[in-house]
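Novice: What follows is run-v7.csv, made up of CSV, C-alpha atoms:
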```csv
chain,number,residue,atom,x,y,z
P,1,MET,CA,-82.1,114.8,28.7
P,2,THR,CA,-85.5,116.4,28.9
P,3,ASN,CA,-88.1,115.8,31.7
P,4,SER,CA,-90.3,113.9,29.3
P,5,TYR,CA,-87.8,111.0,29.5
P,6,LEU,CA,-87.6,111.3,33.3
P,7,THR,CA,-91.3,111.6,34.3
P,8,PRO,CA,-92.3,107.9,33.6
P,9,LEU,CA,-89.0,106.8,35.2
P,10,LEU,CA,-89.5,108.7,38.4
P,11,GLN,CA,-93.2,108.1,38.8
P,12,ARG,CA,-92.7,104.4,39.3
P,13,LEU,CA,-90.2,102.9,41.8
P,14,PRO,CA,-87.6,100.4,40.6
P,15,ALA,CA,-89.0,96.9,41.3
P,16,LEU,CA,-86.0,96.1,43.4
P,17,VAL,CA,-86.8,98.8,45.9
P,18,GLY,CA,-90.6,98.7,45.3
P,19,GLN,CA,-90.7,95.3,46.9
P,20,ALA,CA,-88.5,96.2,49.8
P,21,GLY,CA,-91.4,97.0,52.2
P,22,LYS,CA,-92.9,93.6,52.1
P,23,SER,CA,-92.8,91.6,55.3
P,24,GLY,CA,-90.7,88.5,55.3
P,25,VAL,CA,-87.0,87.8,54.7
P,26,MET,CA,-86.4,86.8,51.1
P,27,LEU,CA,-87.9,89.5,48.9
P,28,GLY,CA,-87.0,88.4,45.4
P,29,THR,CA,-84.4,87.1,42.9
P,30,VAL,CA,-82.3,89.0,40.5
P,31,CYS,CA,-81.4,86.9,37.4
P,32,SER,CA,-79.0,88.2,34.8
P,33,ILE,CA,-77.1,87.1,31.7
P,34,ASP,CA,-73.7,88.6,30.8
P,35,LEU,CA,-72.4,88.2,27.3
P,36,ASN,CA,-69.5,89.3,25.1
P,37,LEU,CA,-69.1,89.5,21.3
P,38,LYS,CA,-66.5,87.5,19.5
P,39,GLY,CA,-63.8,89.5,17.7
P,40,PHE,CA,-64.0,92.5,20.1
P,41,PRO,CA,-61.8,93.1,23.1
P,42,PHE,CA,-63.4,92.7,26.6
P,43,VAL,CA,-64.6,96.1,27.9
P,44,GLY,CA,-61.8,96.4,30.4
P,45,TRP,CA,-59.3,96.3,27.5
P,46,SER,CA,-61.4,98.1,24.9
P,47,THR,CA,-60.9,101.4,23.1
P,48,ALA,CA,-63.6,104.0,22.4
P,49,GLU,CA,-63.8,102.8,18.8
P,50,SER,CA,-64.4,99.1,19.7
P,51,ARG,CA,-67.0,100.0,22.3
P,52,CYS,CA,-68.8,102.2,19.7
P,53,ALA,CA,-68.8,99.3,17.3
P,54,VAL,CA,-70.2,96.9,19.9
P,55,GLN,CA,-72.9,99.4,20.8
P,56,LYS,CA,-74.0,99.8,17.2
P,57,LEU,CA,-74.1,96.0,16.7
P,58,LEU,CA,-76.1,95.3,19.9
P,59,LEU,CA,-78.8,98.0,20.1
P,60,PRO,CA,-80.9,97.0,17.0
P,61,VAL,CA,-80.7,93.3,18.0
P,62,ILE,CA,-81.8,94.1,21.6
P,63,ASP,CA,-84.7,96.2,20.3
P,64,LYS,CA,-85.7,93.3,18.1
P,65,LEU,CA,-85.5,90.5,20.6
P,66,ALA,CA,-86.1,92.1,24.1
P,67,PRO,CA,-89.7,91.2,25.3
P,68,CYS,CA,-90.3,94.6,26.9
P,69,LYS,CA,-90.9,98.2,26.3
P,70,TRP,CA,-88.1,100.6,27.3
P,71,VAL,CA,-89.1,103.7,29.2
P,72,LEU,CA,-85.5,104.8,29.2
P,73,ARG,CA,-83.1,104.1,26.3
P,74,ALA,CA,-80.2,106.4,26.5
P,75,PRO,CA,-76.5,106.5,25.4
P,76,LEU,CA,-74.3,107.4,28.4
P,77,GLU,CA,-73.2,110.7,26.9
P,78,GLU,CA,-76.9,111.9,27.1
P,79,LEU,CA,-76.9,111.4,30.8
P,80,THR,CA,-75.7,114.3,33.0
P,81,GLN,CA,-73.6,113.5,36.0
P,82,GLU,CA,-76.5,114.2,38.3
P,83,LEU,CA,-78.8,111.8,36.4
P,84,ARG,CA,-76.1,109.1,36.5
P,85,TYR,CA,-76.0,109.5,40.3
P,86,LEU,CA,-79.7,109.3,40.4
P,87,LEU,CA,-79.8,106.0,38.4
P,88,LEU,CA,-76.9,104.7,40.5
P,89,GLU,CA,-78.9,105.5,43.7
P,90,ARG,CA,-81.9,103.6,42.3
P,91,GLY,CA,-79.8,100.5,41.5
P,92,GLN,CA,-80.3,101.0,37.8
P,93,ILE,CA,-76.7,101.4,36.7
P,94,THR,CA,-73.4,100.2,38.2
P,95,PRO,CA,-70.6,102.3,39.6
P,96,THR,CA,-68.5,101.1,36.6
P,97,LEU,CA,-71.1,102.4,34.1
P,98,ALA,CA,-71.7,105.6,36.0
P,99,ALA,CA,-67.9,106.4,35.7
P,100,ARG,CA,-67.7,105.6,31.9
P,101,ARG,CA,-67.7,108.6,29.6
P,102,ASP,CA,-69.1,107.4,26.3
P,103,ASN,CA,-70.0,104.5,24.1
P,104,ALA,CA,-72.2,102.8,26.6
P,105,SER,CA,-76.0,102.7,27.1
P,106,VAL,CA,-78.6,102.0,29.7
P,107,LEU,CA,-82.1,100.6,28.9
P,108,ILE,CA,-84.8,100.4,31.5
P,109,ASN,CA,-88.3,98.9,30.9
P,110,ASP,CA,-91.6,100.4,31.8
P,111,GLN,CA,-92.1,98.2,34.9
P,112,GLN,CA,-88.5,98.9,36.0
P,113,ASP,CA,-87.9,95.3,36.8
P,114,THR,CA,-85.6,94.8,33.7
P,115,LEU,CA,-82.3,96.5,32.9
P,116,CYS,CA,-80.0,96.3,29.9
P,117,LEU,CA,-76.5,97.7,30.2
P,118,ILE,CA,-74.2,97.9,27.2
P,119,ASN,CA,-70.4,98.1,27.7
P,120,ASP,CA,-70.6,97.9,31.5
P,121,GLU,CA,-68.2,95.2,32.8
P,122,GLU,CA,-69.1,93.0,29.8
P,123,HIS,CA,-70.4,94.0,26.4
P,124,LEU,CA,-74.0,93.1,27.4
P,125,SER,CA,-75.7,92.7,30.7
P,126,PHE,CA,-79.4,91.9,30.9
P,127,GLN,CA,-81.0,91.8,34.4
P,128,ARG,CA,-84.4,90.9,35.6
P,129,PHE,CA,-85.9,91.1,39.2
P,130,THR,CA,-88.7,88.8,40.2
P,131,PRO,CA,-90.3,89.5,43.6
P,132,GLY,CA,-91.3,86.6,45.9
P,133,ALA,CA,-90.1,84.4,48.7
P,134,ALA,CA,-88.9,81.6,46.4
P,135,PHE,CA,-86.8,81.3,43.3
P,136,ASP,CA,-88.8,81.7,40.1
P,137,ALA,CA,-87.3,79.4,37.6
P,138,SER,CA,-89.4,81.0,34.8
P,139,ALA,CA,-87.3,84.2,35.0
P,140,ALA,CA,-84.1,82.3,34.5
P,141,ASP,CA,-85.6,80.2,31.7
P,142,SER,CA,-86.8,83.4,29.9
P,143,LEU,CA,-83.3,84.9,30.1
P,144,LEU,CA,-81.8,81.7,28.8
P,145,GLN,CA,-84.2,81.8,25.9
P,146,LEU,CA,-83.1,85.4,25.2
P,147,ARG,CA,-79.5,84.3,25.4
P,148,ASP,CA,-80.1,81.6,22.8
P,149,ALA,CA,-82.0,84.0,20.6
P,150,LEU,CA,-79.1,86.5,20.8
P,151,ALA,CA,-76.7,83.7,19.9
P,152,HIS,CA,-78.6,83.3,16.6
P,153,GLU,CA,-78.3,87.0,15.8
P,154,LEU,CA,-74.8,87.9,17.1
P,155,PRO,CA,-71.3,86.4,17.2
P,156,LEU,CA,-71.2,85.7,20.9
P,157,ALA,CA,-67.9,84.8,22.5
P,158,TYR,CA,-68.3,81.1,23.3
P,159,SER,CA,-66.0,78.1,24.0
P,160,GLY,CA,-67.2,74.5,23.7
P,161,VAL,CA,-65.2,73.6,26.8
P,162,PHE,CA,-65.8,76.6,29.1
P,163,GLY,CA,-69.0,78.1,27.8
P,164,TYR,CA,-69.7,81.8,27.3
P,165,THR,CA,-66.5,83.6,28.0
P,166,MET,CA,-66.1,86.7,30.3
P,167,GLY,CA,-63.5,89.3,31.0
P,168,ASP,CA,-62.8,87.4,34.2
P,169,PRO,CA,-62.2,83.8,33.1
P,170,THR,CA,-63.5,82.3,36.4
P,171,LYS,CA,-67.0,83.7,35.5
P,172,SER,CA,-67.2,81.8,32.2
P,173,GLY,CA,-70.0,79.2,31.9
P,174,GLU,CA,-73.7,79.5,31.5
P,175,ALA,CA,-73.6,83.4,31.5
P,176,LEU,CA,-76.4,83.2,34.0
P,177,TYR,CA,-76.1,84.7,37.5
P,178,PHE,CA,-78.4,84.8,40.5
P,179,SER,CA,-78.6,87.3,43.4
P,180,VAL,CA,-81.2,87.2,46.2
P,181,LEU,CA,-82.6,90.2,47.9
P,182,MET,CA,-83.1,89.6,51.6
P,183,ARG,CA,-84.1,91.7,54.7
P,184,LEU,CA,-81.9,90.9,57.7
P,185,PRO,CA,-82.6,93.5,60.4
P,186,ALA,CA,-82.7,91.1,63.4
P,187,LEU,CA,-79.4,89.3,62.6
P,188,ARG,CA,-77.8,92.7,62.3
P,189,LEU,CA,-79.2,94.0,65.6
P,190,ASP,CA,-78.3,90.7,67.2
P,191,ARG,CA,-74.7,91.2,66.0
P,192,ARG,CA,-74.6,87.9,64.2
P,193,LEU,CA,-74.6,89.1,60.6
P,194,GLU,CA,-70.9,89.5,60.2
P,195,ALA,CA,-70.3,85.8,61.2
P,196,VAL,CA,-73.1,84.8,58.8
P,197,PHE,CA,-71.5,86.6,55.9
P,198,ARG,CA,-68.1,85.1,56.7
P,199,ALA,CA,-69.7,81.7,56.5
P,200,LEU,CA,-71.3,82.5,53.2
P,201,GLU,CA,-68.0,83.7,51.8
P,202,ASP,CA,-66.5,80.3,52.6
P,203,MET,CA,-69.2,78.9,50.3
P,204,GLU,CA,-68.3,81.6,47.6
P,205,VAL,CA,-71.6,83.4,48.2
P,206,PHE,CA,-70.9,87.1,48.6
P,207,TYR,CA,-73.1,90.0,49.6
P,208,SER,CA,-73.5,93.7,48.9
P,209,PRO,CA,-75.8,96.2,50.7
P,210,LEU,CA,-78.7,97.4,48.5
P,211,PHE,CA,-77.7,101.0,49.4
P,212,PRO,CA,-74.0,101.4,48.8
P,213,GLY,CA,-71.9,104.5,49.5
P,214,PHE,CA,-71.3,104.2,53.2
P,215,LYS,CA,-68.1,103.0,55.0
P,216,GLU,CA,-70.3,100.7,57.1
P,217,ASP,CA,-73.4,98.7,56.3
P,218,VAL,CA,-76.7,100.6,57.0
P,219,GLY,CA,-80.3,99.6,56.8
P,220,ASP,CA,-81.4,95.9,56.4
P,221,LEU,CA,-81.5,95.1,52.7
P,222,TYR,CA,-78.8,92.9,51.2
P,223,LEU,CA,-78.1,91.2,47.9
P,224,LEU,CA,-76.5,87.8,48.1
P,225,HIS,CA,-74.6,86.9,45.0
P,226,ALA,CA,-74.3,83.3,43.9
P,227,PRO,CA,-71.1,82.2,42.2
P,228,SER,CA,-71.2,82.0,38.4
P,229,ALA,CA,-72.7,78.9,37.0
P,230,PRO,CA,-70.3,76.5,35.2
P,231,LEU,CA,-71.5,75.1,32.0
P,232,HIS,CA,-74.5,72.8,32.5
P,233,LYS,CA,-74.5,73.2,36.3
P,234,ARG,CA,-77.4,75.6,36.5
P,235,GLU,CA,-79.8,73.3,38.4
P,236,GLN,CA,-77.2,72.4,41.0
P,237,LEU,CA,-76.4,76.1,41.6
P,238,LEU,CA,-80.1,76.9,41.9
P,239,GLU,CA,-80.7,74.1,44.5
P,240,ARG,CA,-77.7,75.2,46.4
P,241,MET,CA,-78.8,78.8,46.6
P,242,GLN,CA,-82.3,77.7,47.6
P,243,TYR,CA,-80.9,75.8,50.5
P,244,ILE,CA,-78.7,78.7,51.6
P,245,THR,CA,-81.4,81.3,51.5
P,246,HIS,CA,-83.9,79.2,53.3
P,247,ASP,CA,-81.4,78.5,56.0
P,248,LEU,CA,-80.6,82.2,56.3
P,249,ALA,CA,-84.3,83.1,56.5
P,250,ARG,CA,-84.6,80.6,59.3
P,251,GLN,CA,-81.7,82.3,61.2
P,252,GLU,CA,-83.3,85.7,60.7
P,253,LEU,CA,-86.7,84.6,62.0
P,254,ASN,CA,-84.9,83.0,65.0
P,255,ALA,CA,-83.1,86.2,65.7
P,256,ARG,CA,-86.3,88.1,65.7
P,257,ALA,CA,-87.8,85.7,68.2
P,258,ARG,CA,-84.7,86.0,70.4
P,259,LEU,CA,-84.9,89.8,70.4
P,260,LEU,CA,-88.5,89.7,71.4
P,261,GLN,CA,-88.3,87.0,74.0
P,262,GLY,CA,-85.3,88.3,76.0
P,263,ALA,CA,-86.4,90.8,78.6
P,264,LYS,CA,-83.4,93.1,78.1
P,265,SER,CA,-83.3,92.8,74.3
P,266,ALA,CA,-87.1,93.3,74.0
P,267,ALA,CA,-86.9,96.5,76.1
P,268,LYS,CA,-83.9,97.7,74.1
P,269,LEU,CA,-85.7,97.0,70.8
P,270,GLN,CA,-88.9,98.8,72.0
P,271,LYS,CA,-86.8,101.8,73.1
P,272,ALA,CA,-85.0,102.0,69.8
P,273,THR,CA,-88.3,101.6,67.8
P,274,ALA,CA,-89.9,104.5,69.8
P,275,ALA,CA,-86.8,106.6,69.3
P,276,ALA,CA,-86.9,106.0,65.5
P,277,LEU,CA,-90.5,106.9,65.4
P,278,ARG,CA,-89.8,110.2,67.2
P,279,SER,CA,-86.8,111.0,65.1
P,280,LEU,CA,-88.7,110.5,61.8
P,281,SER,CA,-91.7,112.4,63.1
P,282,HIS,CA,-90.0,115.5,64.6
P,283,ALA,CA,-86.4,115.9,63.4
P,284,LYS,CA,-85.5,119.3,61.8
P,285,GLN,CA,-82.5,117.9,59.9
P,286,LEU,CA,-82.0,114.2,59.0
P,287,LYS,CA,-78.9,112.4,57.5
P,288,TYR,CA,-79.7,109.8,54.9
P,289,LYS,CA,-77.8,107.2,57.0
P,290,ASP,CA,-79.9,108.0,60.1
P,291,MET,CA,-83.1,107.8,58.0
P,292,LEU,CA,-82.2,104.3,56.7
P,293,GLU,CA,-81.4,103.1,60.2
P,294,SER,CA,-84.7,104.4,61.5
P,295,LEU,CA,-86.7,103.0,58.7
P,296,SER,CA,-85.2,99.6,59.3
P,297,LEU,CA,-86.4,99.8,62.9
P,298,ILE,CA,-89.9,100.9,61.8
P,299,ARG,CA,-90.2,98.1,59.4
P,300,LEU,CA,-89.0,95.5,61.9
P,301,GLY,CA,-91.5,96.9,64.4
P,302,LEU,CA,-94.3,96.4,61.9
P,303,ASP,CA,-93.1,92.9,61.1
P,304,THR,CA,-92.9,91.9,64.7
P,305,GLY,CA,-96.0,93.6,65.9
P,306,LEU,CA,-94.3,96.3,68.0
P,307,LEU,CA,-96.0,98.8,65.7
P,308,LYS,CA,-99.4,98.7,64.2
P,309,ALA,CA,-100.5,100.4,60.9
P,310,ALA,CA,-104.0,101.6,60.3
P,311,ARG,CA,-103.6,100.7,56.6
P,312,PRO,CA,-100.8,98.1,56.3
P,313,LYS,CA,-100.6,98.0,52.5
P,314,LYS,CA,-100.6,101.8,52.2
P,315,ALA,CA,-97.9,102.0,54.9
P,316,GLU,CA,-95.8,99.5,53.0
P,317,GLN,CA,-96.1,101.5,49.8
P,318,LEU,CA,-95.2,104.8,51.5
P,319,LEU,CA,-92.2,103.4,53.3
P,320,CYS,CA,-90.9,102.0,50.0
P,321,ARG,CA,-91.1,105.4,48.4
P,322,ALA,CA,-89.3,107.0,51.3
P,323,TYR,CA,-86.1,105.1,50.5
P,324,LEU,CA,-85.6,106.9,47.2
P,325,ASP,CA,-87.7,110.0,47.4
P,326,ALA,CA,-85.6,111.2,50.4
P,327,ALA,CA,-82.3,109.9,49.0
P,328,PRO,CA,-79.4,112.4,48.3
P,329,ALA,CA,-79.3,112.3,44.5
P,330,PHE,CA,-83.1,112.5,44.2
P,331,LEU,CA,-83.3,115.5,46.5
P,332,ARG,CA,-80.4,117.2,44.5
P,333,PHE,CA,-81.9,116.4,41.1
P,334,CYS,CA,-85.6,116.8,41.7
P,335,ARG,CA,-85.8,119.3,44.6
P,336,ASP,CA,-82.6,121.3,43.8
P,337,CYS,CA,-81.1,120.7,47.2
P,338,ARG,CA,-77.5,121.8,46.5
P,339,THR,CA,-76.0,121.6,50.0
P,340,ARG,CA,-76.0,119.0,52.7
P,341,THR,CA,-77.9,121.2,55.0
P,342,ALA,CA,-80.6,121.8,52.4
P,343,SER,CA,-80.8,118.1,51.7
P,344,ARG,CA,-81.1,117.2,55.4
P,345,LYS,CA,-83.8,119.8,56.0
P,346,ALA,CA,-85.8,118.6,53.0
P,347,ARG,CA,-85.4,115.0,54.1
P,348,ALA,CA,-86.6,115.8,57.6
P,349,ALA,CA,-89.6,117.7,56.2
P,350,TYR,CA,-90.5,114.8,54.0
P,351,MET,CA,-90.4,112.4,56.9
P,352,GLN,CA,-92.4,114.7,59.2
P,353,GLU,CA,-95.2,114.9,56.6
P,354,LEU,CA,-95.0,111.1,56.0
P,355,PHE,CA,-95.2,110.1,59.7
P,356,THR,CA,-97.5,112.8,61.0
P,357,GLN,CA,-100.0,113.0,58.2
P,358,SER,CA,-99.8,110.1,55.7
P,359,LEU,CA,-98.9,107.2,58.0
P,360,SER,CA,-100.8,106.2,61.1
P,361,LEU,CA,-98.5,104.0,63.2
P,362,THR,CA,-99.3,103.0,66.8
P,363,PRO,CA,-96.9,101.4,69.3
P,364,THR,CA,-98.3,98.3,70.9
P,365,PHE,CA,-95.9,98.2,73.8
```
Would it be possible to restate this file's structure as structure tokens?
Specialist:
Amino acid sequence: MTNSYLTPLLQRLPALVGQAGKSGVMLGTVCSIDLNLKGFPFVGWSTAESRCAVQKLLLPVIDKLAPCKWVLRAPLEELTQELRYLLLERGQITPTLAARRDNASVLINDQQDTLCLINDEEHLSFQRFTPGAAFDASAADSLLQLRDALAHELPLAYSGVFGYTMGDPTKSGEALYFSVLMRLPALRLDRRLEAVFRALEDMEVFYSPLFPGFKEDVGDLYLLHAPSAPLHKREQLLERMQYITHDLARQELNARARLLQGAKSAAKLQKATAAALRSLSHAKQLKYKDMLESLSLIRLGLDTGLLKAARPKKAEQLLCRAYLDAAPAFLRFCRDCRTRTASRKARAAYMQELFTQSLSLTPTF
């Protein structure tokens, strides 16, 4: 794949990460629809021939109906392994799709807030991210309109009793799914996050870190995944997730207050914030995990007033870029860092320039 395809893709951050620097707790909602075609085996049981037939049937209809311009529209076989890792790192393909060899496609729109995956876990997955501290019903409504339009053009797998059918029967229903992007640094530092996630699992709400690939969670960004919506139960699910996320946001803000009000915890947080600032400003080599941990502390410091930025909006934009511009696959693909040492040195140099020249952050303690 030539650089002409990649330039517009890499110039703009994915919306999911581009909003990550905003203060607050709930950062946005991911709405998606997953659909399968009648008469074709589910992807998990499919052959290369059936996946090829599904792709040929879907692509022209998606081009006709999708209300967006695709900046990337690529069959999987056109993507090198390095580019797959890059898209996976940016949250724009799934591990399942990254591992698939052929007869699958990824489509990304020019704003990079909409993804379309063909022959991922289902025949078609259409995903849209909407930033904001509240659910945006219009995003779900627009995807449902797209689902209905696709139903007029394609033989979708549908049961009058169970709704749109999936490879996993428990996910059959409205074909509509919600995930919520949240920032939870204080609950993590306060060692309460594990208990919170266990309680959510009891309500069939599961989580995944925004940055996968580590044995332990790092950073502070998490996606909370609502259970699939049974047929005609969309409004109840939406209300339930609104209640859950509002309660979780309250717990996060209370945790921030506890950290700042306790004499020992406040001193510990100030010390950790100062250490993160020194590390990002002066380190000669920097692991990606350590970078994410330090950025989490920097952003929490800005949110709580422990750090002050001369230009808050500019600082927000630069910190958002750092998540991906200093990530392993980006450094390997765009800066030709072929070893861990080269990657760590390049990451440290990037952070030194960012924190000593571009950012102007001042401790207030």
Novice: In the coordinates of the file, take the point (-82.0, 118.1, 63.2) and a cut-off of 12 Å; then, counting only C-alpha atoms, name each qualifying protein, DNA or RNA residue as number ranges by chain.
Specialist: P: 278-288, 290-291, 341-349, 351-352
Novice: Between CA of Leu184 (chain P) and CA of Leu221 (chain P), measure the distance and give it in Å to one decimal.
Specialist: 6.5 Å
Novice: Near region 254-268 of chain P, counting all atoms listed in the file, which residues have an atom at most 8 Å away, once you skip same-chain residues fewer than 2 positions from it, shown as a list in words?
Specialist: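 Neighbouring residues, sequence-local ones excluded: Ala186, Leu187, Asp190, Arg250, Gln251, Glu252, Gln270, Lys271, Ala272 and Thr304 of chain P.
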Novice: When you draw a straight line from CA of Ala175 (chain P) to CA of Pro230 (chain P), how long is it in Å?
Specialist: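 Those two atoms sit 8.5 Å apart.
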Novice: Using CA of Gly173 (chain P) and CA of Leu231 (chain P) as the two end points, give the distance in Å to one decimal.
Specialist: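 Separating CA of Gly173 (chain P) from CA of Leu231 (chain P) is a distance of 4.4 Å.
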Novice: So, with all atoms listed in the file as the atoms that count, which of P:Asp168, P:Glu174, P:Glu316, P:Asp63 lies closest to Glu235 (chain P)?
Specialist: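 With all atoms listed in the file as the atom set, the closest residue is P:Glu174.
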Novice: Using only C-alpha atoms, pick whichever of P:Gln81, P:Asn119, P:Asn109, P:Thr94 has the shortest atom-to-atom distance to Asp34 (chain P).
Specialist: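 Among the listed residues, the smallest separation from Asp34 (chain P) belongs to P:Asn119.
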Novice: I'd like the contact shell of Ala48 (chain P) - 12 Å cut-off, all atoms listed in the file, skipping same-chain residues fewer than 6 positions apart - returned as a compact mmCIF listing (two decimals) with C-alpha atoms, in the frame of the given file.
Specialist:
```txt
# COMPACT_ATOMS: atom_id res chain seq x y z
CA PHE P 40 -64.00 92.50 20.10
CA PRO P 41 -61.80 93.10 23.10
CA VAL P 54 -70.20 96.90 19.90
CA GLN P 55 -72.90 99.40 20.80
CA ARG P 100 -67.70 105.60 31.90
CA ARG P 101 -67.70 108.60 29.60
CA ASP P 102 -69.10 107.40 26.30
CA ASN P 103 -70.00 104.50 24.10
CA ALA P 104 -72.20 102.80 26.60
CA ASN P 119 -70.40 98.10 27.70
```
Novice: Point out the residue among P:Val205, P:Cys52, P:Leu35, P:Leu83 with the least atom-to-atom distance to Arg147 (chain P), counting all atoms listed in the file.
Specialist: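 Smallest separation from Arg147 (chain P) among the options: P:Leu35.
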Novice: So which one's closest to Lys171 (chain P), P:Ser105, P:Gln317, P:Ser360, P:Ser228? Using only C-alpha atoms, please.
Specialist: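 Under the stated criterion, the closest residue is P:Ser228.
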Novice: Can you list, as a ChimeraX atom specification, every protein, DNA or RNA residue that comes within 10 Å of Gly28 (chain P) when you count only C-alpha atoms, leaving out same-chain residues fewer than 2 positions away?
Specialist: /P:15-16,19-20,25-26,30-31,129-136,179-182,223
Novice: With all atoms listed in the file as the atoms that count, which of P:Val196, P:Ala98, P:Ala276, P:Ala329 lies nearest to Leu297 (chain P)?
Specialist: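 The closest residue to Leu297 (chain P) is P:Ala276.
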Novice: When you look at Cys116 (chain P) with a cut-off of 7 Å (counting only C-alpha atoms), what residues show up, excluding the ones that are within fewer than 3 positions of it in the same chain? I need them as a CSV table (one decimal) with C-alpha atoms, keeping the file's coordinate frame.
Specialist:
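Result written to result-v4.csv:
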```
chain,number,residue,atom,x,y,z
P,106,VAL,CA,-78.6,102.0,29.7
P,107,LEU,CA,-82.1,100.6,28.9
P,108,ILE,CA,-84.8,100.4,31.5
P,125,SER,CA,-75.7,92.7,30.7
P,126,PHE,CA,-79.4,91.9,30.9
P,127,GLN,CA,-81.0,91.8,34.4
```
Novice: Write out as a ChimeraX atom specification which residues come within 12 Å of Ile62 (chain P) when counting only C-alpha atoms, dropping same-chain ones fewer than 4 positions away.
Specialist: /P:55-58,66-70,73,105-107,115-118,124-126,146-147,149-151,153-154
Novice: Keeping only C-alpha atoms, write the selected residues as a PDB file, in the coordinates of the input.
Specialist:
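Okay, this is what ended up in out18.pdb:
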```
ATOM      1  CA  GLN P  55     -72.900  99.400  20.800  1.00  0.00           C
ATOM      2  CA  LYS P  56     -74.000  99.800  17.200  1.00  0.00           C
ATOM      3  CA  LEU P  57     -74.100  96.000  16.700  1.00  0.00           C
ATOM      4  CA  LEU P  58     -76.100  95.300  19.900  1.00  0.00           C
ATOM      5  CA  ALA P  66     -86.100  92.100  24.100  1.00  0.00           C
ATOM      6  CA  PRO P  67     -89.700  91.200  25.300  1.00  0.00           C
ATOM      7  CA  CYS P  68     -90.300  94.600  26.900  1.00  0.00           C
ATOM      8  CA  LYS P  69     -90.900  98.200  26.300  1.00  0.00           C
ATOM      9  CA  TRP P  70     -88.100 100.600  27.300  1.00  0.00           C
ATOM     10  CA  ARG P  73     -83.100 104.100  26.300  1.00  0.00           C
ATOM     11  CA  SER P 105     -76.000 102.700  27.100  1.00  0.00           C
ATOM     12  CA  VAL P 106     -78.600 102.000  29.700  1.00  0.00           C
ATOM     13  CA  LEU P 107     -82.100 100.600  28.900  1.00  0.00           C
ATOM     14  CA  LEU P 115     -82.300  96.500  32.900  1.00  0.00           C
ATOM     15  CA  CYS P 116     -80.000  96.300  29.900  1.00  0.00           C
ATOM     16  CA  LEU P 117     -76.500  97.700  30.200  1.00  0.00           C
ATOM     17  CA  ILE P 118     -74.200  97.900  27.200  1.00  0.00           C
ATOM     18  CA  LEU P 124     -74.000  93.100  27.400  1.00  0.00           C
ATOM     19  CA  SER P 125     -75.700  92.700  30.700  1.00  0.00           C
ATOM     20  CA  PHE P 126     -79.400  91.900  30.900  1.00  0.00           C
ATOM     21  CA  LEU P 146     -83.100  85.400  25.200  1.00  0.00           C
ATOM     22  CA  ARG P 147     -79.500  84.300  25.400  1.00  0.00           C
ATOM     23  CA  ALA P 149     -82.000  84.000  20.600  1.00  0.00           C
ATOM     24  CA  LEU P 150     -79.100  86.500  20.800  1.00  0.00           C
ATOM     25  CA  ALA P 151     -76.700  83.700  19.900  1.00  0.00           C
ATOM     26  CA  GLU P 153     -78.300  87.000  15.800  1.00  0.00           C
ATOM     27  CA  LEU P 154     -74.800  87.900  17.100  1.00  0.00           C
TER      28      LEU P 154
END
```
Novice: Point out the residue among P:Leu318, P:Leu200, P:Leu13, P:Leu176 with the least atom-to-atom distance to Glu89 (chain P), counting only C-alpha atoms.
Specialist: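 Closest candidate: P:Leu13.
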Novice: Kindly extract all protein, DNA and RNA residues lying within 12 Å of the coordinates (-88.1, 109.6, 38.6) given in the file, considering only C-alpha atoms, and supply them as a VMD selection string.
Specialist: chain P and resid 3 to 14 71 to 72 83 86 to 87 89 to 90 92 110 112 321 324 to 325 327 329 to 331 333 to 335
